[in-house]
$ cat data_35.cif   # mmCIF, C-alpha atoms
data_structure
#
loop_
_atom_site.label_atom_id
_atom_site.label_comp_id
_atom_site.auth_asym_id
_atom_site.auth_seq_id
_atom_site.Cartn_x
_atom_site.Cartn_y
_atom_site.Cartn_z
CA MET A 1 -132.43 -77.23 157.56
CA SER A 2 -133.30 -74.11 159.47
CA ALA A 3 -136.81 -72.81 159.17
CA ILE A 4 -135.72 -69.20 159.24
CA GLU A 5 -134.30 -69.33 155.74
CA THR A 6 -136.06 -67.11 153.25
CA ILE A 7 -136.41 -67.30 149.50
CA PRO A 8 -133.98 -65.09 147.61
CA ALA A 9 -135.33 -62.10 145.72
CA ARG A 10 -134.27 -63.52 142.36
CA ALA A 11 -137.21 -65.93 142.44
CA SER A 12 -139.98 -63.94 140.80
CA THR A 13 -142.28 -66.03 138.60
CA PRO A 14 -144.66 -68.50 140.27
CA ASP A 15 -142.59 -71.41 138.91
CA ASP A 16 -139.38 -69.88 140.24
CA LEU A 17 -140.98 -69.20 143.60
CA TYR A 18 -142.20 -72.75 143.84
CA GLN A 19 -138.83 -74.23 142.91
CA GLU A 20 -137.05 -72.05 145.44
CA ALA A 21 -139.63 -72.93 148.07
CA ALA A 22 -139.29 -76.65 147.38
CA GLN A 23 -135.52 -76.39 147.58
CA THR A 24 -135.40 -74.22 150.70
CA TYR A 25 -138.29 -75.71 152.65
CA GLY A 26 -138.39 -79.23 151.23
CA ALA A 27 -137.14 -80.84 154.44
CA ALA A 28 -139.44 -78.70 156.61
CA LEU A 29 -142.41 -79.76 154.47
CA GLU A 30 -141.46 -83.42 154.93
CA ARG A 31 -141.29 -82.95 158.70
CA LEU A 32 -144.60 -81.15 158.65
CA ALA A 33 -146.23 -83.97 156.66
CA ARG A 34 -144.81 -86.49 159.11
CA ALA A 35 -146.66 -84.68 161.89
CA TYR A 36 -149.92 -84.89 159.94
CA GLU A 37 -149.76 -88.47 158.71
CA GLY A 38 -148.15 -91.53 160.26
CA ASP A 39 -148.64 -93.93 157.36
CA PRO A 40 -145.67 -93.58 154.93
CA ASP A 41 -147.71 -94.31 151.78
CA ILE A 42 -150.47 -91.85 152.61
CA ARG A 43 -147.81 -89.37 153.72
CA ARG A 44 -146.15 -89.54 150.31
CA ASP A 45 -149.47 -88.49 148.74
CA LEU A 46 -149.87 -85.75 151.34
CA VAL A 47 -146.42 -84.33 150.57
CA GLN A 48 -147.27 -84.28 146.87
CA GLU A 49 -150.58 -82.60 147.67
CA ILE A 50 -148.68 -79.93 149.62
CA HIS A 51 -146.29 -79.37 146.71
CA ILE A 52 -149.16 -79.02 144.24
CA ALA A 53 -150.99 -76.61 146.57
CA LEU A 54 -147.82 -74.60 146.97
CA TRP A 55 -147.18 -74.40 143.23
CA ARG A 56 -150.77 -73.32 142.63
CA SER A 57 -150.69 -70.82 145.48
CA PHE A 58 -147.78 -68.85 144.06
CA LYS A 59 -150.02 -67.76 141.19
CA THR A 60 -151.87 -65.59 143.70
CA PHE A 61 -148.97 -64.71 145.97
CA ASP A 62 -149.01 -60.92 146.30
CA GLY A 63 -146.08 -60.43 148.66
CA ARG A 64 -148.19 -59.04 151.49
CA CYS A 65 -146.54 -61.55 153.79
CA SER A 66 -143.12 -63.18 153.62
CA THR A 67 -142.67 -66.23 151.42
CA ARG A 68 -141.87 -68.26 154.53
CA THR A 69 -145.18 -67.31 156.15
CA TRP A 70 -146.99 -68.06 152.89
CA ILE A 71 -145.36 -71.46 152.50
CA TYR A 72 -146.15 -72.52 156.06
CA ARG A 73 -149.73 -71.25 155.79
CA VAL A 74 -150.36 -73.19 152.59
CA ALA A 75 -148.67 -76.34 153.89
CA HIS A 76 -150.44 -76.24 157.25
CA ASN A 77 -153.79 -75.64 155.60
CA VAL A 78 -153.32 -78.73 153.42
CA GLY A 79 -152.28 -80.64 156.54
CA ALA A 80 -155.35 -79.46 158.45
CA SER A 81 -157.64 -80.51 155.60
CA HIS A 82 -155.96 -83.90 155.65
CA VAL A 83 -156.45 -84.24 159.42
CA VAL A 84 -160.13 -83.39 159.16
CA ARG A 85 -160.64 -85.81 156.26
CA GLN A 86 -158.91 -88.57 158.23
CA SER A 87 -161.24 -88.07 161.20
CA ARG A 88 -163.72 -90.38 159.44
CA THR A 89 -161.46 -93.33 160.13
CA ARG A 90 -159.56 -92.16 163.23
CA MET A 91 -160.38 -94.10 166.37
CA GLN A 92 -159.49 -91.38 168.87
CA SER A 93 -160.62 -87.77 168.97
CA LEU A 94 -158.06 -85.01 168.76
CA VAL A 95 -157.39 -82.85 171.79
CA ASP A 96 -156.06 -79.36 172.37
CA LEU A 97 -152.95 -78.37 174.30
CA GLU A 98 -154.82 -77.91 177.58
CA GLU A 99 -156.29 -81.41 177.40
CA LEU A 100 -152.98 -82.90 176.32
CA GLU A 101 -151.29 -81.50 179.41
CA ASN A 102 -153.49 -83.77 181.51
CA LEU A 103 -152.90 -86.95 179.54
CA PRO A 104 -150.60 -89.63 180.98
CA HIS A 105 -147.22 -89.99 179.30
CA SER A 106 -144.45 -92.56 179.15
CA ASN A 107 -140.98 -92.40 180.64
CA THR A 108 -138.02 -90.49 179.29
CA ASP A 109 -135.92 -92.36 176.80
CA PRO A 110 -132.49 -91.08 175.82
CA ASP A 111 -132.77 -92.71 172.43
CA ARG A 112 -133.33 -89.99 169.83
CA THR A 113 -135.43 -92.14 167.51
CA HIS A 114 -137.72 -93.12 170.32
CA THR A 115 -137.99 -89.49 171.42
CA LEU A 116 -138.88 -88.52 167.88
CA ASP A 117 -141.55 -91.23 167.64
CA ARG A 118 -143.07 -90.10 170.92
CA LEU A 119 -142.92 -86.48 169.84
CA LEU A 120 -144.76 -87.36 166.62
CA LYS A 121 -147.38 -89.32 168.53
CA LEU A 122 -147.87 -86.38 170.86
CA ILE A 123 -148.26 -83.93 167.95
CA GLN A 124 -150.66 -86.25 166.13
CA LYS A 125 -153.03 -86.13 169.09
CA LEU A 126 -153.49 -82.39 168.70
CA LYS A 127 -156.22 -80.43 166.99
CA PRO A 128 -155.10 -78.55 163.86
CA LEU A 129 -154.53 -75.10 165.34
CA ASP A 130 -152.43 -76.30 168.27
CA ARG A 131 -150.63 -78.65 165.92
CA HIS A 132 -149.68 -75.68 163.74
CA VAL A 133 -148.34 -73.79 166.74
CA ILE A 134 -146.25 -76.66 168.12
CA LEU A 135 -144.86 -77.52 164.68
CA SER A 136 -143.91 -73.91 164.05
CA TYR A 137 -142.26 -73.81 167.48
CA LEU A 138 -140.34 -77.01 166.75
CA GLU A 139 -139.21 -75.56 163.42
CA GLY A 140 -137.62 -72.75 165.41
CA LEU A 141 -140.00 -69.96 164.48
CA ASP A 142 -140.42 -67.11 166.96
CA ALA A 143 -143.73 -65.98 168.46
CA ALA A 144 -144.16 -63.16 165.93
CA ALA A 145 -143.73 -65.52 162.99
CA ILE A 146 -146.09 -68.07 164.54
CA GLY A 147 -148.66 -65.32 165.05
CA GLU A 148 -148.33 -64.29 161.41
CA ILE A 149 -148.78 -67.85 160.17
CA THR A 150 -151.64 -68.80 162.45
CA GLY A 151 -153.44 -65.46 162.81
CA LEU A 152 -153.40 -65.80 166.60
CA SER A 153 -152.75 -62.76 168.77
CA ALA A 154 -149.31 -62.31 170.34
CA SER A 155 -150.66 -63.05 173.82
CA ASN A 156 -152.41 -66.17 172.59
CA VAL A 157 -149.25 -67.42 170.91
CA ALA A 158 -147.23 -66.66 174.07
CA THR A 159 -149.66 -68.68 176.19
CA LYS A 160 -149.56 -71.59 173.78
CA ILE A 161 -145.77 -71.56 173.58
CA HIS A 162 -145.59 -71.54 177.37
CA ARG A 163 -147.87 -74.60 177.42
CA ILE A 164 -145.82 -76.30 174.71
CA LYS A 165 -142.58 -75.76 176.64
CA ASN A 166 -144.16 -77.21 179.78
CA LEU A 167 -145.54 -80.12 177.83
CA LEU A 168 -142.26 -80.96 176.13
CA ALA A 169 -140.38 -80.68 179.40
CA ARG A 170 -142.88 -82.93 181.13
CA TRP A 171 -143.01 -85.52 178.35
CA PHE A 172 -139.36 -85.67 177.42
CA GLN A 173 -137.16 -84.51 180.24
CA GLN A 174 -138.66 -85.33 183.61
CA GLY A 175 -140.22 -88.76 183.22
CA GLY A 176 -141.23 -91.07 186.02
CA LYS A 177 -143.87 -88.93 187.71
CA ASN A 178 -146.87 -89.71 185.55
CA ASP A 179 -145.68 -92.78 183.77
CA GLU A 180 -148.08 -95.16 182.12
CA MET B 1 -138.58 -73.39 182.30
CA ASN B 2 -135.22 -74.97 181.55
CA GLU B 3 -134.23 -74.02 177.99
CA SER B 4 -131.72 -76.77 177.24
CA PRO B 5 -134.02 -79.81 177.45
CA ASN B 6 -136.47 -78.13 175.08
CA SER B 7 -133.60 -77.16 172.82
CA SER B 8 -132.64 -80.81 172.58
CA VAL B 9 -136.21 -81.72 171.53
CA LEU B 10 -136.07 -78.94 168.94
CA GLU B 11 -132.76 -80.25 167.73
CA ILE B 12 -134.07 -83.81 167.49
CA TRP B 13 -137.05 -82.51 165.52
CA GLN B 14 -135.05 -80.37 163.13
CA ARG B 15 -132.30 -82.93 162.59
CA GLN B 16 -134.54 -85.91 161.99
CA PRO B 17 -133.57 -87.72 158.79
CA VAL B 18 -136.00 -86.95 155.97
CA GLU B 19 -136.06 -87.88 152.34
CA VAL B 20 -137.00 -84.73 150.47
CA THR B 21 -139.61 -85.22 147.74
CA LYS B 22 -138.55 -83.81 144.42
CA MET B 23 -141.28 -83.08 141.91
CA SER B 24 -140.49 -81.50 138.57
CA LEU B 25 -142.69 -78.66 137.34
CA THR B 26 -143.93 -80.94 134.56
CA GLU B 27 -144.99 -83.55 137.09
CA ILE B 28 -146.71 -80.94 139.26
CA ARG B 29 -148.60 -79.48 136.30
CA ARG B 30 -149.61 -82.96 135.18
CA ARG B 31 -151.00 -83.87 138.60
CA ALA B 32 -152.73 -80.51 139.05
CA ASP B 33 -154.39 -80.89 135.62
CA LYS B 34 -155.43 -84.45 136.48
CA LEU B 35 -157.03 -83.24 139.70
CA GLU B 36 -158.90 -80.44 137.90
CA HIS B 37 -160.14 -82.88 135.25
CA ARG B 38 -161.33 -85.28 137.93
CA VAL B 39 -163.34 -82.52 139.64
CA TRP B 40 -164.73 -81.34 136.27
CA TRP B 41 -165.83 -84.85 135.29
CA ARG B 42 -167.43 -85.49 138.69
CA ASN B 43 -169.50 -82.31 138.37
CA ALA B 44 -170.31 -83.10 134.74
CA ARG B 45 -171.50 -86.62 135.70
CA GLU B 46 -173.79 -85.25 138.41
CA TYR B 47 -175.37 -82.67 136.10
CA ALA B 48 -175.64 -85.19 133.26
CA ALA B 49 -177.45 -87.66 135.54
CA SER B 50 -179.92 -84.97 136.64
CA LEU B 51 -180.39 -83.81 133.06
CA GLY B 52 -180.97 -87.40 131.92
CA ALA B 53 -183.63 -87.93 134.59
CA LEU B 54 -185.31 -84.62 133.68
CA VAL B 55 -185.40 -85.53 129.98
CA MET B 56 -186.97 -88.92 130.79
CA LEU B 57 -189.60 -87.32 133.05
CA ALA B 58 -190.36 -84.65 130.45
CA TYR B 59 -190.77 -87.37 127.80
CA SER B 60 -193.10 -89.39 130.07
CA PHE B 61 -195.07 -86.24 130.86
CA ALA B 62 -195.47 -85.42 127.16
CA THR B 63 -196.37 -88.90 125.95
CA THR B 64 -198.66 -90.26 128.67
CA HIS B 65 -202.42 -89.92 128.08
CA ASP B 66 -203.56 -90.57 131.63
CA VAL B 67 -204.21 -87.28 133.46
CA LEU B 68 -203.09 -88.45 136.90
CA SER B 69 -199.91 -90.02 135.50
CA ARG B 70 -199.21 -86.77 133.70
CA VAL B 71 -199.70 -84.85 136.95
CA ALA B 72 -197.40 -87.34 138.73
CA PHE B 73 -194.63 -86.93 136.13
CA GLY B 74 -195.08 -83.17 136.29
CA LEU B 75 -194.67 -83.29 140.06
CA PHE B 76 -191.59 -85.52 139.77
CA PHE B 77 -190.15 -83.07 137.24
CA ALA B 78 -190.80 -80.09 139.51
CA GLY B 79 -189.42 -81.99 142.51
CA LEU B 80 -186.23 -82.87 140.67
CA ILE B 81 -185.75 -79.27 139.50
CA TRP B 82 -186.15 -78.18 143.12
CA ILE B 83 -183.59 -80.79 144.32
CA VAL B 84 -181.02 -79.79 141.70
CA ALA B 85 -181.51 -76.10 142.53
CA GLN B 86 -181.11 -76.75 146.27
CA LEU B 87 -178.06 -78.91 145.67
CA HIS B 88 -176.54 -76.19 143.53
CA ARG B 89 -177.43 -73.42 146.00
CA LYS B 90 -176.57 -75.15 149.26
CA GLY B 91 -174.24 -77.94 148.26
CA SER B 92 -171.70 -76.28 145.97
CA ALA B 93 -168.29 -76.43 147.60
CA LYS B 94 -166.60 -73.07 147.99
CA SER B 95 -162.87 -73.04 147.45
CA MET B 96 -160.70 -71.91 150.33
CA PRO B 97 -158.85 -68.63 149.80
CA THR B 98 -155.16 -69.34 149.24
CA GLY B 99 -152.46 -68.40 151.72
CA VAL B 100 -154.76 -67.26 154.51
CA ASP B 101 -153.67 -67.70 158.12
CA THR B 102 -154.57 -70.80 160.08
CA VAL B 103 -157.38 -69.27 162.12
CA THR B 104 -159.07 -67.92 158.98
CA SER B 105 -158.66 -71.18 157.07
CA LEU B 106 -160.00 -73.28 159.95
CA ARG B 107 -162.97 -70.93 160.36
CA PHE B 108 -163.68 -71.19 156.67
CA TYR B 109 -163.39 -74.95 156.86
CA ARG B 110 -165.70 -75.14 159.86
CA VAL B 111 -168.34 -73.00 158.17
CA GLU B 112 -168.15 -75.29 155.13
CA LEU B 113 -168.55 -78.40 157.27
CA GLU B 114 -171.47 -76.83 159.16
CA ARG B 115 -173.11 -76.02 155.83
CA GLN B 116 -172.66 -79.62 154.69
CA ARG B 117 -174.05 -80.88 157.99
CA GLU B 118 -177.09 -78.64 157.57
CA LEU B 119 -177.55 -80.07 154.09
CA VAL B 120 -177.48 -83.70 155.20
CA THR B 121 -179.56 -83.22 158.36
CA THR B 122 -182.31 -81.51 156.32
CA VAL B 123 -182.26 -84.12 153.56
CA TRP B 124 -185.94 -84.88 154.22
CA SER B 125 -187.08 -81.39 153.40
CA TRP B 126 -185.09 -80.67 150.25
CA TYR B 127 -184.35 -84.10 148.77
CA LEU B 128 -186.96 -86.63 149.83
CA ALA B 129 -190.11 -84.58 150.48
CA PRO B 130 -190.20 -82.97 146.98
CA LEU B 131 -190.53 -86.46 145.46
CA VAL B 132 -193.37 -87.55 147.76
CA PRO B 133 -196.26 -85.74 145.98
CA GLY B 134 -195.26 -87.37 142.68
CA PHE B 135 -195.26 -90.84 144.26
CA ILE B 136 -198.64 -90.27 145.94
CA VAL B 137 -200.31 -89.08 142.75
CA TYR B 138 -198.67 -91.87 140.75
CA THR B 139 -199.94 -94.47 143.27
CA ILE B 140 -203.50 -93.11 143.23
CA GLY B 141 -203.56 -92.83 139.45
CA HIS B 142 -202.23 -96.34 138.99
CA ALA B 143 -204.68 -97.77 141.56
CA ILE B 144 -207.64 -96.09 139.79
CA ARG B 145 -206.47 -97.15 136.35
CA ILE B 146 -206.00 -100.83 137.26
CA PRO B 147 -208.57 -101.72 139.96
CA HIS B 148 -207.32 -105.23 140.69
CA LEU B 149 -206.13 -106.60 144.00
CA ALA B 150 -202.94 -108.04 142.47
CA ALA B 151 -202.08 -104.67 140.89
CA TRP B 152 -202.71 -102.92 144.21
CA ALA B 153 -200.48 -105.42 146.00
CA GLY B 154 -197.73 -104.76 143.46
CA LEU B 155 -198.23 -101.03 143.92
CA ALA B 156 -198.05 -101.41 147.71
CA LEU B 157 -194.83 -103.39 147.32
CA LEU B 158 -193.38 -100.68 145.07
CA ASP B 159 -194.33 -97.96 147.57
CA ALA B 160 -192.83 -100.00 150.41
CA MET B 161 -189.58 -100.29 148.46
CA VAL B 162 -189.56 -96.55 147.79
CA ALA B 163 -190.22 -95.88 151.50
CA LEU B 164 -187.37 -98.24 152.39
CA ALA B 165 -185.05 -96.46 149.94
CA PHE B 166 -186.03 -93.11 151.50
CA PHE B 167 -185.31 -94.52 154.95
CA VAL B 168 -181.89 -95.83 153.87
CA ILE B 169 -181.03 -92.48 152.27
CA TRP B 170 -182.07 -90.70 155.46
CA LYS B 171 -180.04 -93.08 157.67
CA LEU B 172 -176.94 -92.68 155.48
CA ASN B 173 -177.28 -88.93 155.67
CA MET B 174 -177.63 -89.05 159.45
CA ARG B 175 -174.44 -91.11 159.59
CA THR B 176 -172.70 -88.51 157.44
CA ALA B 177 -174.01 -85.81 159.79
CA ARG B 178 -172.44 -87.59 162.78
CA CYS B 179 -169.17 -87.85 160.89
CA LEU B 180 -169.33 -84.13 160.07
CA ASP B 181 -170.11 -83.41 163.72
CA ARG B 182 -166.91 -85.13 164.69
CA MET B 183 -164.93 -83.21 162.07
CA ILE B 184 -166.41 -79.93 163.32
CA HIS B 185 -165.58 -80.88 166.91
CA GLU B 186 -161.97 -81.46 165.92
CA LEU B 187 -161.80 -78.01 164.41
CA ASN B 188 -163.13 -76.36 167.54
CA GLY B 189 -160.83 -74.15 169.55
CA THR B 190 -160.22 -72.02 166.50
CA LYS B 191 -162.22 -69.01 167.58
#
$ encode --input "data_35.cif" --output "C-alpha cells"
Amino acid sequence: MSAIETIPARASTPDDLYQEAAQTYGAALERLARAYEGDPDIRRDLVQEIHIALWRSFKTFDGRCSTRTWIYRVAHNVGASHVVRQSRTRMQSLVDLEELENLPHSNTDPDRTHTLDRLLKLIQKLKPLDRHVILSYLEGLDAAAIGEITGLSASNVATKIHRIKNLLARWFQQGGKNDE
Amino acid sequence: MNESPNSSVLEIWQRQPVEVTKMSLTEIRRRADKLEHRVWWRNAREYAASLGALVMLAYSFATTHDVLSRVAFGLFFAGLIWIVAQLHRKGSAKSMPTGVDTVTSLRFYRVELERQRELVTTVWSWYLAPLVPGFIVYTIGHAIRIPHLAAWAGLALLDAMVALAFFVIWKLNMRTARCLDRMIHELNGTK
C-alpha cells in the first residue's frame, strides 16, 4: 500500500471518513503500530486505540490539512503517547537520530525478514519525534508532507532525512565496519 | 548518498506482510463508549470518596462535645477541602487537541507531564501538610482528655503510624516523579 493515497471526496461524514481512512491506510497504520510496539498482543490493543482515536478525530476534522496528514498526525500522536506510557517499564532510554548514528550496529543481512526486524529495532530506539520522521520517510512521504505532519521546518526535516538516509545506508548496506 | 540501497529498505518496509485490523463502526462506538464510561466512573469514585470523607468529618465535627476534638475535625475538614481543590486545580488532566502536528502534541504532552511532576514533587505542601494541624490538635486534645500513660503510648503509636504513612506516600510520589522525569527526558528534542 502506498502512503501517498488520499481519501476520495465522496467520504464526507465522520463515519465515512473513518471507514475510508481505515480502508486506505489500514496497512500503513499496522506498520506504524509495529514501529511503536514490539509485543503482538499489546500491539493489537494499540492498533485498536489508533482506530478509535481516528474515528473520534473525524468529528472535529475541519479540512484545514489533507486527510492523509490528519490520519498520520492522529496515529503518530497515539503512538507517541504509547511510547511515553511504556517508558515506565522500558529498560533502555530512547535516543535521537544524532545519538543513534553513533551506536554500534550489526552486519548486513540479505534476508528481508532479518532486515525488517533490525529496522524495527532501530526505529524502536528512537524518541517520538525522530520516530515520526523516519516512519514517514519509510512510508514514502516527501519532506513537505513530513513537515506538515510533524510541524518541523523544511530545513529541519531536510537535515533529519539526510541523517536517516546515512543511518539506513550504514546499518543496512555497508556492514562490517562497526559490527558488534 | 546512494539511492538504491535506501530504496530497497523502503521497499522492505512498505511491502512487509501485515494483517489489517478491521473494526466495524459498531465495535468502535462500543469501545469508545466503554472508555468514556471508565473515565467517568474513575472520576466519580474519586469525588465520591472525598465527599464521603467530608461528610464523616462534618458529622464528627457536629456531634463531638470536646472543643479540641471539634477544632481537630474542623482542621481536617478544611485540609481535605484544600486538598480536593488543589487536586482539581492542578491535577485535572487536560485533553490533547485532536489532529495537531507532532511538535505541538509532544509539547503539550511534555507540559502535562511537567505539571504532573510538579504535583507529585510538591505533595508535602498540598497533600500532607494540610492534614498535619488536624493531627496535632487531635493528639493534644486526646492527651489532655485521657491523661494516662497507656493512652499516651497508644496515641504515640497512632502518630508514628500516621508519620510512616506520610513517609510512604512521599516516597511513592518521589518514585512517580523519577518516572515522570524519564518520560519527560524521552520527549526532549521536541523544541
$ atom_distance --input "data_35.cif" --atom1 "atom CA of A:Ile71" --atom2 "atom CA of B:Glu186"
23.6 Å
$ residues_around --input "data_35.cif" --residues "B:Leu80" --least-positions-apart "6" --cutoff "10 Å" --atoms "all atoms listed in the file" --output "number ranges by chain"
B: 50-51, 53-54, 57, 74, 86, 126-128, 130-131
$ write_last_selection --input "data_35.cif" --atoms "C-alpha atoms" --output "JSON list (two decimals), keeping the file's coordinate frame"
[["chain", "number", "residue", "atom", "x", "y", "z"],
["B", 50, "SER", "CA", -179.92, -84.97, 136.64],
["B", 51, "LEU", "CA", -180.39, -83.81, 133.06],
["B", 53, "ALA", "CA", -183.63, -87.93, 134.59],
["B", 54, "LEU", "CA", -185.31, -84.62, 133.68],
["B", 57, "LEU", "CA", -189.60, -87.32, 133.05],
["B", 74, "GLY", "CA", -195.08, -83.17, 136.29],
["B", 86, "GLN", "CA", -181.11, -76.75, 146.27],
["B", 126, "TRP", "CA", -185.09, -80.67, 150.25],
["B", 127, "TYR", "CA", -184.35, -84.10, 148.77],
["B", 128, "LEU", "CA", -186.96, -86.63, 149.83],
["B", 130, "PRO", "CA", -190.20, -82.97, 146.98],
["B", 131, "LEU", "CA", -190.53, -86.46, 145.46]]
$ atom_distance --input "data_35.cif" --atom1 "atom CA of A:Gly79" --atom2 "atom CA of A:Val47"
9.1 Å
$ closest_residue --input "data_35.cif" --among "B:Glu19, B:Arg29, B:Tyr47, B:Leu158" --to "B:Val84" --atoms "all atoms listed in the file"
B:Tyr47
$ residues_around --input "data_35.cif" --residues "stretch 123-135 of chain A" --least-positions-apart "4" --cutoff "8 Å" --atoms "all atoms listed in the file" --output "list in words"
Leu32, Ala35, Tyr36, Glu37, His76, Ala80, Val83, Ser93, Leu94, Val95, Asp96, Leu97, Leu100, Leu119, Glu139, Ile146, Thr150, Val157, Lys160, Ile161 and Ile164 of chain A; Thr102, Val103, Leu106, Glu186, Leu187, Gly189 and Thr190 of chain B
$ interface_residues --input "data_35.cif" --of "chain B" --to "chain A" --cutoff "9 Å" --atoms "all atoms listed in the file" --output "PDB file with C-alpha atoms, in the coordinates of the input"
ATOM      1  CA  MET B   1    -138.580 -73.390 182.300  1.00  0.00           C
ATOM      2  CA  ASN B   2    -135.220 -74.970 181.550  1.00  0.00           C
ATOM      3  CA  GLU B   3    -134.230 -74.020 177.990  1.00  0.00           C
ATOM      4  CA  PRO B   5    -134.020 -79.810 177.450  1.00  0.00           C
ATOM      5  CA  ASN B   6    -136.470 -78.130 175.080  1.00  0.00           C
ATOM      6  CA  VAL B   9    -136.210 -81.720 171.530  1.00  0.00           C
ATOM      7  CA  LEU B  10    -136.070 -78.940 168.940  1.00  0.00           C
ATOM      8  CA  GLU B  11    -132.760 -80.250 167.730  1.00  0.00           C
ATOM      9  CA  ILE B  12    -134.070 -83.810 167.490  1.00  0.00           C
ATOM     10  CA  TRP B  13    -137.050 -82.510 165.520  1.00  0.00           C
ATOM     11  CA  GLN B  14    -135.050 -80.370 163.130  1.00  0.00           C
ATOM     12  CA  ARG B  15    -132.300 -82.930 162.590  1.00  0.00           C
ATOM     13  CA  GLN B  16    -134.540 -85.910 161.990  1.00  0.00           C
ATOM     14  CA  PRO B  17    -133.570 -87.720 158.790  1.00  0.00           C
ATOM     15  CA  VAL B  18    -136.000 -86.950 155.970  1.00  0.00           C
ATOM     16  CA  GLU B  19    -136.060 -87.880 152.340  1.00  0.00           C
ATOM     17  CA  VAL B  20    -137.000 -84.730 150.470  1.00  0.00           C
ATOM     18  CA  THR B  21    -139.610 -85.220 147.740  1.00  0.00           C
ATOM     19  CA  LYS B  22    -138.550 -83.810 144.420  1.00  0.00           C
ATOM     20  CA  MET B  23    -141.280 -83.080 141.910  1.00  0.00           C
ATOM     21  CA  SER B  24    -140.490 -81.500 138.570  1.00  0.00           C
ATOM     22  CA  LEU B  25    -142.690 -78.660 137.340  1.00  0.00           C
ATOM     23  CA  ILE B  28    -146.710 -80.940 139.260  1.00  0.00           C
ATOM     24  CA  ARG B  29    -148.600 -79.480 136.300  1.00  0.00           C
ATOM     25  CA  ARG B  31    -151.000 -83.870 138.600  1.00  0.00           C
ATOM     26  CA  ALA B  32    -152.730 -80.510 139.050  1.00  0.00           C
ATOM     27  CA  THR B  98    -155.160 -69.340 149.240  1.00  0.00           C
ATOM     28  CA  GLY B  99    -152.460 -68.400 151.720  1.00  0.00           C
ATOM     29  CA  VAL B 100    -154.760 -67.260 154.510  1.00  0.00           C
ATOM     30  CA  ASP B 101    -153.670 -67.700 158.120  1.00  0.00           C
ATOM     31  CA  THR B 102    -154.570 -70.800 160.080  1.00  0.00           C
ATOM     32  CA  VAL B 103    -157.380 -69.270 162.120  1.00  0.00           C
ATOM     33  CA  THR B 104    -159.070 -67.920 158.980  1.00  0.00           C
ATOM     34  CA  SER B 105    -158.660 -71.180 157.070  1.00  0.00           C
ATOM     35  CA  LEU B 106    -160.000 -73.280 159.950  1.00  0.00           C
ATOM     36  CA  TYR B 109    -163.390 -74.950 156.860  1.00  0.00           C
ATOM     37  CA  CYS B 179    -169.170 -87.850 160.890  1.00  0.00           C
ATOM     38  CA  LEU B 180    -169.330 -84.130 160.070  1.00  0.00           C
ATOM     39  CA  ARG B 182    -166.910 -85.130 164.690  1.00  0.00           C
ATOM     40  CA  MET B 183    -164.930 -83.210 162.070  1.00  0.00           C
ATOM     41  CA  ILE B 184    -166.410 -79.930 163.320  1.00  0.00           C
ATOM     42  CA  HIS B 185    -165.580 -80.880 166.910  1.00  0.00           C
ATOM     43  CA  GLU B 186    -161.970 -81.460 165.920  1.00  0.00           C
ATOM     44  CA  LEU B 187    -161.800 -78.010 164.410  1.00  0.00           C
ATOM     45  CA  ASN B 188    -163.130 -76.360 167.540  1.00  0.00           C
ATOM     46  CA  GLY B 189    -160.830 -74.150 169.550  1.00  0.00           C
ATOM     47  CA  THR B 190    -160.220 -72.020 166.500  1.00  0.00           C
TER      48      THR B 190
END
$ atom_distance --input "data_35.cif" --atom1 "atom CA of B:Arg70" --atom2 "atom CA of B:Ile146"
16.0 Å
$ residues_near_point --input "data_35.cif" --point "(-199.4, -91.5, 144.0)" --cutoff "12 Å" --atoms "only C-alpha atoms" --output "JSON, numbers by chain"
{"B": [68, 69, 70, 71, 72, 73, 75, 76, 131, 132, 133, 134, 135, 136, 137, 138, 139, 140, 141, 142, 143, 144, 145, 152, 155, 156, 158, 159, 162]}
$ residues_around --input "data_35.cif" --residues "B:Asp181" --least-positions-apart "5" --cutoff "9 Å" --atoms "all atoms listed in the file" --output "list in words"
Leu113, Glu114, Arg117, Thr176 and Glu186 of chain B
